[in-house]
Every structure is written in C-alpha cells, then in structure tokens.
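Listing of start-v8.txt; format and content: compact mmCIF, C-alpha atoms and all ligand atoms.
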# COMPACT_ATOMS: atom_id res chain seq x y z
CA MET A 1 0.00 0.00 0.00
CA GLU A 2 1.11 3.54 -0.81
CA GLU A 3 2.67 5.58 2.00
CA ASN A 4 0.14 7.99 3.60
CA ILE A 5 -2.84 5.78 2.78
CA LEU A 6 -4.47 4.97 6.10
CA LYS A 7 -6.87 2.34 4.85
CA ILE A 8 -8.46 1.04 1.68
CA LEU A 9 -12.21 1.57 1.32
CA PHE A 10 -12.73 -0.15 -2.04
CA LYS A 11 -10.34 -2.55 -3.73
CA GLU A 12 -9.69 -2.67 -7.45
CA GLU A 13 -11.69 -5.86 -8.07
CA GLU A 14 -14.66 -4.58 -6.07
CA ILE A 15 -14.64 -1.31 -8.04
CA GLN A 16 -14.60 -3.12 -11.38
CA LYS A 17 -17.62 -5.18 -10.32
CA ARG A 18 -19.58 -2.13 -9.18
CA VAL A 19 -18.75 -0.18 -12.36
CA LYS A 20 -20.00 -3.10 -14.43
CA GLU A 21 -23.30 -3.04 -12.52
CA LEU A 22 -23.67 0.70 -13.08
CA GLY A 23 -22.96 0.22 -16.78
CA GLN A 24 -25.64 -2.45 -17.02
CA GLN A 25 -28.16 -0.24 -15.23
CA ILE A 26 -27.39 2.69 -17.55
CA THR A 27 -27.55 0.45 -20.62
CA GLY A 28 -31.06 -0.63 -19.62
CA ASP A 29 -32.23 2.90 -18.88
CA TYR A 30 -30.89 4.45 -22.11
CA LYS A 31 -32.11 1.94 -24.69
CA ASP A 32 -33.46 3.94 -27.68
CA LYS A 33 -32.22 7.22 -26.18
CA ASP A 34 -29.61 9.63 -27.48
CA LEU A 35 -26.98 9.20 -24.73
CA PHE A 36 -24.45 11.99 -24.32
CA VAL A 37 -21.89 11.46 -21.57
CA ILE A 38 -20.15 14.47 -20.04
CA GLY A 39 -17.03 13.83 -17.96
CA ILE A 40 -15.98 16.45 -15.45
CA LEU A 41 -12.22 16.84 -15.52
CA LYS A 42 -10.03 15.78 -14.00
CA GLY A 43 -11.35 13.51 -11.28
CA ALA A 44 -13.98 11.70 -13.37
CA VAL A 45 -11.56 10.50 -16.06
CA VAL A 46 -10.67 7.11 -14.57
CA PHE A 47 -14.26 6.22 -13.64
CA LEU A 48 -15.60 7.46 -16.97
CA SER A 49 -13.14 5.45 -19.03
CA ASP A 50 -14.13 2.25 -17.21
CA LEU A 51 -17.84 3.09 -17.18
CA ILE A 52 -18.32 3.83 -20.89
CA ARG A 53 -16.86 0.44 -21.78
CA GLU A 54 -19.67 -1.16 -19.75
CA ILE A 55 -22.39 0.86 -21.50
CA LYS A 56 -23.75 -1.05 -24.48
CA VAL A 57 -25.80 1.66 -26.21
CA PRO A 58 -24.40 4.16 -28.74
CA LEU A 59 -23.12 7.27 -27.03
CA GLN A 60 -21.28 10.50 -27.58
CA MET A 61 -18.80 11.88 -25.08
CA ASP A 62 -17.38 15.28 -24.21
CA PHE A 63 -15.58 16.92 -21.30
CA MET A 64 -15.81 19.99 -19.15
CA ALA A 65 -13.22 21.31 -16.77
CA VAL A 66 -14.29 23.43 -13.86
CA SER A 67 -12.46 24.66 -10.86
CA SER A 68 -13.99 25.62 -7.58
CA TYR A 69 -12.27 28.46 -5.86
CA GLY A 70 -10.78 27.41 -2.56
CA THR A 71 -8.01 25.30 -1.09
CA SER A 72 -7.09 21.75 -2.08
CA THR A 73 -9.70 20.20 0.21
CA HIS A 74 -12.25 22.97 0.47
CA THR A 75 -14.82 23.83 -2.21
CA SER A 76 -16.06 27.40 -2.08
CA GLY A 77 -19.13 27.01 -4.30
CA VAL A 78 -17.98 29.52 -6.86
CA VAL A 79 -17.18 27.59 -10.00
CA ARG A 80 -14.94 28.81 -12.78
CA PHE A 81 -15.11 27.22 -16.24
CA LEU A 82 -11.69 26.15 -17.47
CA LYS A 83 -12.91 24.20 -20.49
CA ASP A 84 -16.36 24.12 -22.01
CA LEU A 85 -17.98 21.37 -24.09
CA GLU A 86 -17.04 21.18 -27.75
CA LEU A 87 -20.38 19.64 -28.76
CA ASP A 88 -23.97 20.83 -28.53
CA ILE A 89 -26.20 19.01 -26.03
CA ALA A 90 -29.55 20.47 -27.16
CA GLY A 91 -32.09 17.62 -27.46
CA LYS A 92 -29.65 15.03 -26.06
CA ASP A 93 -30.09 12.68 -23.11
CA VAL A 94 -27.21 13.92 -21.02
CA LEU A 95 -25.46 11.93 -18.32
CA VAL A 96 -22.98 13.93 -16.26
CA VAL A 97 -20.24 11.72 -14.83
CA GLU A 98 -18.44 12.77 -11.65
CA ASP A 99 -15.97 11.08 -9.33
CA ILE A 100 -17.51 12.46 -6.14
CA VAL A 101 -20.38 14.59 -4.88
CA ASP A 102 -19.33 16.25 -1.64
CA THR A 103 -20.93 19.60 -0.72
CA GLY A 104 -22.91 19.40 -3.98
CA LEU A 105 -21.92 22.94 -4.96
CA THR A 106 -19.98 22.01 -8.11
CA LEU A 107 -22.75 19.84 -9.55
CA THR A 108 -25.54 22.23 -8.65
CA TYR A 109 -23.77 25.00 -10.52
CA LEU A 110 -22.99 22.74 -13.48
CA LYS A 111 -26.49 21.33 -13.67
CA GLU A 112 -28.04 24.77 -13.88
CA ASN A 113 -25.60 25.79 -16.60
CA LEU A 114 -26.20 22.62 -18.65
CA LEU A 115 -30.00 22.76 -18.33
CA ALA A 116 -29.94 26.21 -19.93
CA ARG A 117 -28.58 24.55 -23.11
CA GLY A 118 -31.79 22.57 -23.66
CA PRO A 119 -30.92 18.87 -23.25
CA ARG A 120 -33.86 16.45 -23.54
CA SER A 121 -32.92 15.00 -20.15
CA LEU A 122 -30.10 15.39 -17.66
CA LYS A 123 -29.01 12.83 -15.10
CA ILE A 124 -26.02 12.52 -12.80
CA CYS A 125 -23.80 9.52 -12.28
CA THR A 126 -21.19 9.71 -9.54
CA PHE A 127 -18.74 7.09 -8.41
CA LEU A 128 -18.79 8.28 -4.78
CA ASP A 129 -21.30 10.21 -2.73
CA LYS A 130 -20.57 11.86 0.63
CA PRO A 131 -24.11 12.98 1.62
CA SER A 132 -23.14 14.00 5.17
CA ARG A 133 -21.16 16.95 3.72
CA ARG A 134 -23.97 18.37 1.57
CA LYS A 135 -24.46 22.14 1.63
CA ILE A 136 -27.09 22.09 -1.06
CA ALA A 137 -29.62 19.33 -1.76
CA ILE A 138 -28.69 17.31 -4.83
CA THR A 139 -29.16 13.57 -5.29
CA PRO A 140 -27.26 11.64 -7.96
CA ASP A 141 -29.33 9.37 -10.20
CA TYR A 142 -26.60 6.72 -10.24
CA ASN A 143 -24.12 6.24 -7.41
CA GLY A 144 -21.31 3.73 -7.01
CA TYR A 145 -20.89 4.01 -3.26
CA GLU A 146 -22.01 6.19 -0.41
CA ILE A 147 -19.05 7.01 1.84
CA PRO A 148 -18.58 8.59 5.28
CA ASP A 149 -16.93 11.98 5.84
CA GLU A 150 -13.35 10.99 5.10
CA PHE A 151 -11.01 12.46 2.53
CA VAL A 152 -10.48 9.82 -0.11
CA VAL A 153 -8.02 9.47 -2.97
CA GLY A 154 -7.40 7.14 -5.89
CA TYR A 155 -9.39 6.03 -8.95
CA GLY A 156 -9.16 9.61 -10.26
CA LEU A 157 -9.51 11.43 -6.96
CA ASP A 158 -6.59 13.56 -5.81
CA TYR A 159 -5.07 15.26 -2.83
CA ASN A 160 -2.95 18.17 -4.09
CA GLU A 161 -3.02 16.57 -7.57
CA GLN A 162 -1.43 13.34 -6.27
CA TYR A 163 -2.79 9.78 -5.98
CA ARG A 164 -5.17 9.90 -8.99
CA HIS A 165 -3.53 6.82 -10.49
CA LEU A 166 -4.16 4.47 -7.57
CA PRO A 167 -6.47 1.66 -8.73
CA TYR A 168 -8.28 1.60 -5.36
CA ILE A 169 -10.06 4.15 -3.15
CA GLY A 170 -8.10 4.92 0.00
CA VAL A 171 -8.37 7.26 2.96
CA ILE A 172 -5.47 9.64 3.24
CA ASN A 173 -3.32 9.96 6.34
CA PRO A 174 -2.92 12.39 7.96
CA LYS A 175 -6.48 13.51 7.31
CA PRO A 176 -6.30 16.89 5.62
CA THR A 177 -8.16 19.59 7.45
CA TYR A 178 -11.18 20.73 5.54
CA LYS A 179 -14.19 22.75 6.59
O1 LIG B 1 -19.49 18.54 -4.23
P1 LIG B 1 -18.33 19.47 -4.17
O2 LIG B 1 -18.01 19.89 -2.74
O3 LIG B 1 -18.45 20.64 -5.07
O4 LIG B 1 -17.02 18.67 -4.58
C1 LIG B 1 -16.94 17.77 -5.64
C2 LIG B 1 -16.03 18.27 -6.71
O5 LIG B 1 -14.70 18.44 -6.19
C3 LIG B 1 -13.78 17.65 -6.94
O6 LIG B 1 -13.22 18.36 -8.02
P2 LIG B 1 -11.91 19.27 -7.93
O7 LIG B 1 -12.33 20.70 -7.87
O8 LIG B 1 -11.04 18.77 -6.82
O9 LIG B 1 -11.23 19.04 -9.33
P3 LIG B 1 -10.53 17.71 -9.90
O10 LIG B 1 -11.64 16.81 -10.38
O11 LIG B 1 -9.68 18.20 -11.02
O12 LIG B 1 -9.74 17.10 -8.78
C4 LIG B 1 -14.64 16.54 -7.53
O13 LIG B 1 -14.08 16.01 -8.69
C5 LIG B 1 -15.95 17.22 -7.79
O14 LIG B 1 -15.98 17.85 -9.06
O1 LIG B 2 -12.80 13.19 -0.48
C1 LIG B 2 -12.40 13.80 -1.50
N1 LIG B 2 -11.25 13.44 -2.14
C2 LIG B 2 -10.79 14.08 -3.25
N2 LIG B 2 -11.40 15.13 -3.79
C3 LIG B 2 -12.54 15.55 -3.20
N3 LIG B 2 -13.36 16.58 -3.55
C4 LIG B 2 -14.35 16.60 -2.67
N4 LIG B 2 -14.21 15.60 -1.75
C5 LIG B 2 -13.08 14.92 -2.06
MG MG B 3 -9.55 17.53 -6.81
Written as structure tokens, that's how I'd like the structure from this file.
Ligand SMILES: O=P(O)(O)OC[C@H]1O[C@H](OP(=O)(O)OP(=O)(O)O)[C@H](O)[C@@H]1O
Ligand code: HPA
Ligand SMILES: [Mg+2]
Amino acid sequence: MEENILKILFKEEEIQKRVKELGQQITGDYKDKDLFVIGILKGAVVFLSDLIREIKVPLQMDFMAVSSYGTSTHTSGVVRFLKDLELDIAGKDVLVVEDIVDTGLTLTYLKENLLARGPRSLKICTFLDKPSRRKIAITPDYNGYEIPDEFVVGYGLDYNEQYRHLPYIGVINPKPTYK
C-alpha cells in the first residue's frame, strides 16, 4: 500500500464489479435514447473510461473542466469554467459523470448551466457520494458508493493533484483539514 494511505475503502476488483453493474443499469435505462456522456475533468476521467466500456448503447462523449475556488480540500461554491464542451447538447439525453459529490456545490452549478442549453434529459452519475457533507440538496441518479466523511483518494480522486492513479479508493493519512 502507498505511503500515507491509512486504509483502503474499495479494492480494485470490487470497483470493477460495481462499475459493471452501473454500466448495465445505464444500458437498460438508455435503450433507444440519445446518450451523451459528459465527464468532469479531471477527477472523473478514470471512472468514466471504465464506465463507458460497460455501456452497451451508442453514445457521444465530451468533457468539461471546472475549478472551484478554494483550497485543495475545500470547495467554495464559486465555479470557474476552465474548459467548455465542444459539442452541442440540445435535445440530447445527457449523463454527467463525476468522481464524487461532496458539498454538492460544483454539480448544482454545473447542472443549472447545462440545463440552460436545452438537453432532452439530464441525469447525474457519480462514483462516490458523501451525503453528510452536503451544503445544497442534490441527489445523484446513479451512485457507485455512499461514503462517510473521510477524505479519499485514488481512482481519479486527488489530494494536491497526487494519488489519482491508484487503482483503489483509500483514505489519506494524515487527514487533511477541511471545513
Ligand atoms: O461537491 P463538491 O463539494 O463541489 O465537490 C466535488 C467536486 O470536487 C472535486 O473536483 P476538484 O475541484 O477537486 O477538481 P478535480 O476533479 O480536477 O480534482 C470533484 O471532482 C468534484 O468535481
Ligand atoms: O474526499 C475527497 N477526495 C478528493 N477530492 C474531493 N473533492 C471533494 N471531496 C473529495
Ligand atoms: Mg480535486
């Protein structure tokens, strides 16, 4: 195990199994729809690349990069767009893919922005959900795992831009101080 990882919450094999289940669920729900997957950079990249290979309906994919003002472990709620979509989502069945929903501020802001572009539908798929930290009510439509209030890394998630490559989800030690 990597130095500074206190414990492992989800192992690689367990993650692969759960992602497969999510892919099957999405495949069933989006039969005959016009699926458009939006990955939120950078955290969602690892989850998204596994997930789309488990989705067996035709889909288009694009990315957005946003940055919330604040420190490495503290989201402020003010979101700055770093990269917008290249494609038009009007009339599409949009699925936003995230690595984690924490306070909910990032997704709430994004959702509002995307809805203004006229998609036919808009749903959210997150790999992790930390509902105890919510500052604004938002419930993902698809969720890999609900987790307690611990700062996690791996499978795309970072601490100070490190640890994204770990194939498992671990809790970092020492626990960074956040809100
Ligand atoms: O629910 P919230 O409290 O808003 O937090 C969740 C957001 O924070 C993280 O992104 P981050 O800004 O760290 O960017 P990254 O994906 O590039 O790491 C994560 O990927 C979510 O987008
Ligand atoms: O627990 C977390 N880990 C990494 N990034 C995050 N962004 C919000 N919560 C987290
Ligand atoms: Mg981050």
request  = Write as number ranges by chain the residues around ligand LIG 1 (chain B), taking 9 Å as the cut-off and counting all atoms listed in the file.
outcome  = A: 40-45, 65-70, 72-77, 79, 98-109, 129-130, 133-136, 156-161, 164
query = For ligand LIG 2 (chain B), which residue among A:Gln24, A:Ser132, A:Thr139, A:Asn113 is the nearest when counting only C-alpha atoms and all ligand atoms?
reply =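 Using only C-alpha atoms and all ligand atoms, ligand LIG 2 (chain B) sits closest to A:Ser132.
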message = Applying 8 Å and all atoms listed in the file, which residues near Val37 in chain A remain after dropping the ones on its own chain fewer than 6 positions away? List them as a ChimeraX atom specification.
response = /A:59-62,94-97
Restrict the selected residues to C-alpha atoms and save them as an mmCIF file, in the frame of the given file.
data_model
loop_
_atom_site.group_PDB
_atom_site.id
_atom_site.type_symbol
_atom_site.label_atom_id
_atom_site.label_comp_id
_atom_site.auth_asym_id
_atom_site.auth_seq_id
_atom_site.Cartn_x
_atom_site.Cartn_y
_atom_site.Cartn_z
ATOM 1 C CA LEU A 59 -23.120 7.270 -27.030
ATOM 2 C CA GLN A 60 -21.280 10.500 -27.580
ATOM 3 C CA MET A 61 -18.800 11.880 -25.080
ATOM 4 C CA ASP A 62 -17.380 15.280 -24.210
ATOM 5 C CA VAL A 94 -27.210 13.920 -21.020
ATOM 6 C CA LEU A 95 -25.460 11.930 -18.320
ATOM 7 C CA VAL A 96 -22.980 13.930 -16.260
ATOM 8 C CA VAL A 97 -20.240 11.720 -14.830
#
ask   = Distance CA of Met1 in chain A-CA of Asn173 in chain A, one decimal place?
value =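 We find that CA of Met1 in chain A and CA of Asn173 in chain A lie 12.3 Å from each other.
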So that I can check the surroundings of range 117-124 of chain A, please list as a short mmCIF file (atom, residue, chain, number, x, y, z; two decimals) with C-alpha atoms, in the coordinates of the input every protein, DNA and RNA residue that reaches within 7 Å of it, counting only C-alpha atoms and ignoring chain neighbours fewer than 2 positions away.
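Output file out.cif follows:
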data_model
loop_
_atom_site.label_atom_id
_atom_site.label_comp_id
_atom_site.auth_asym_id
_atom_site.auth_seq_id
_atom_site.Cartn_x
_atom_site.Cartn_y
_atom_site.Cartn_z
CA ILE A 89 -26.20 19.01 -26.03
CA ALA A 90 -29.55 20.47 -27.16
CA GLY A 91 -32.09 17.62 -27.46
CA LYS A 92 -29.65 15.03 -26.06
CA ASP A 93 -30.09 12.68 -23.11
CA VAL A 94 -27.21 13.92 -21.02
CA LEU A 95 -25.46 11.93 -18.32
CA VAL A 96 -22.98 13.93 -16.26
CA VAL A 97 -20.24 11.72 -14.83
CA LEU A 114 -26.20 22.62 -18.65
CA LEU A 115 -30.00 22.76 -18.33
CA THR A 126 -21.19 9.71 -9.54
CA PRO A 140 -27.26 11.64 -7.96
CA ASP A 141 -29.33 9.37 -10.20
CA TYR A 142 -26.60 6.72 -10.24
#
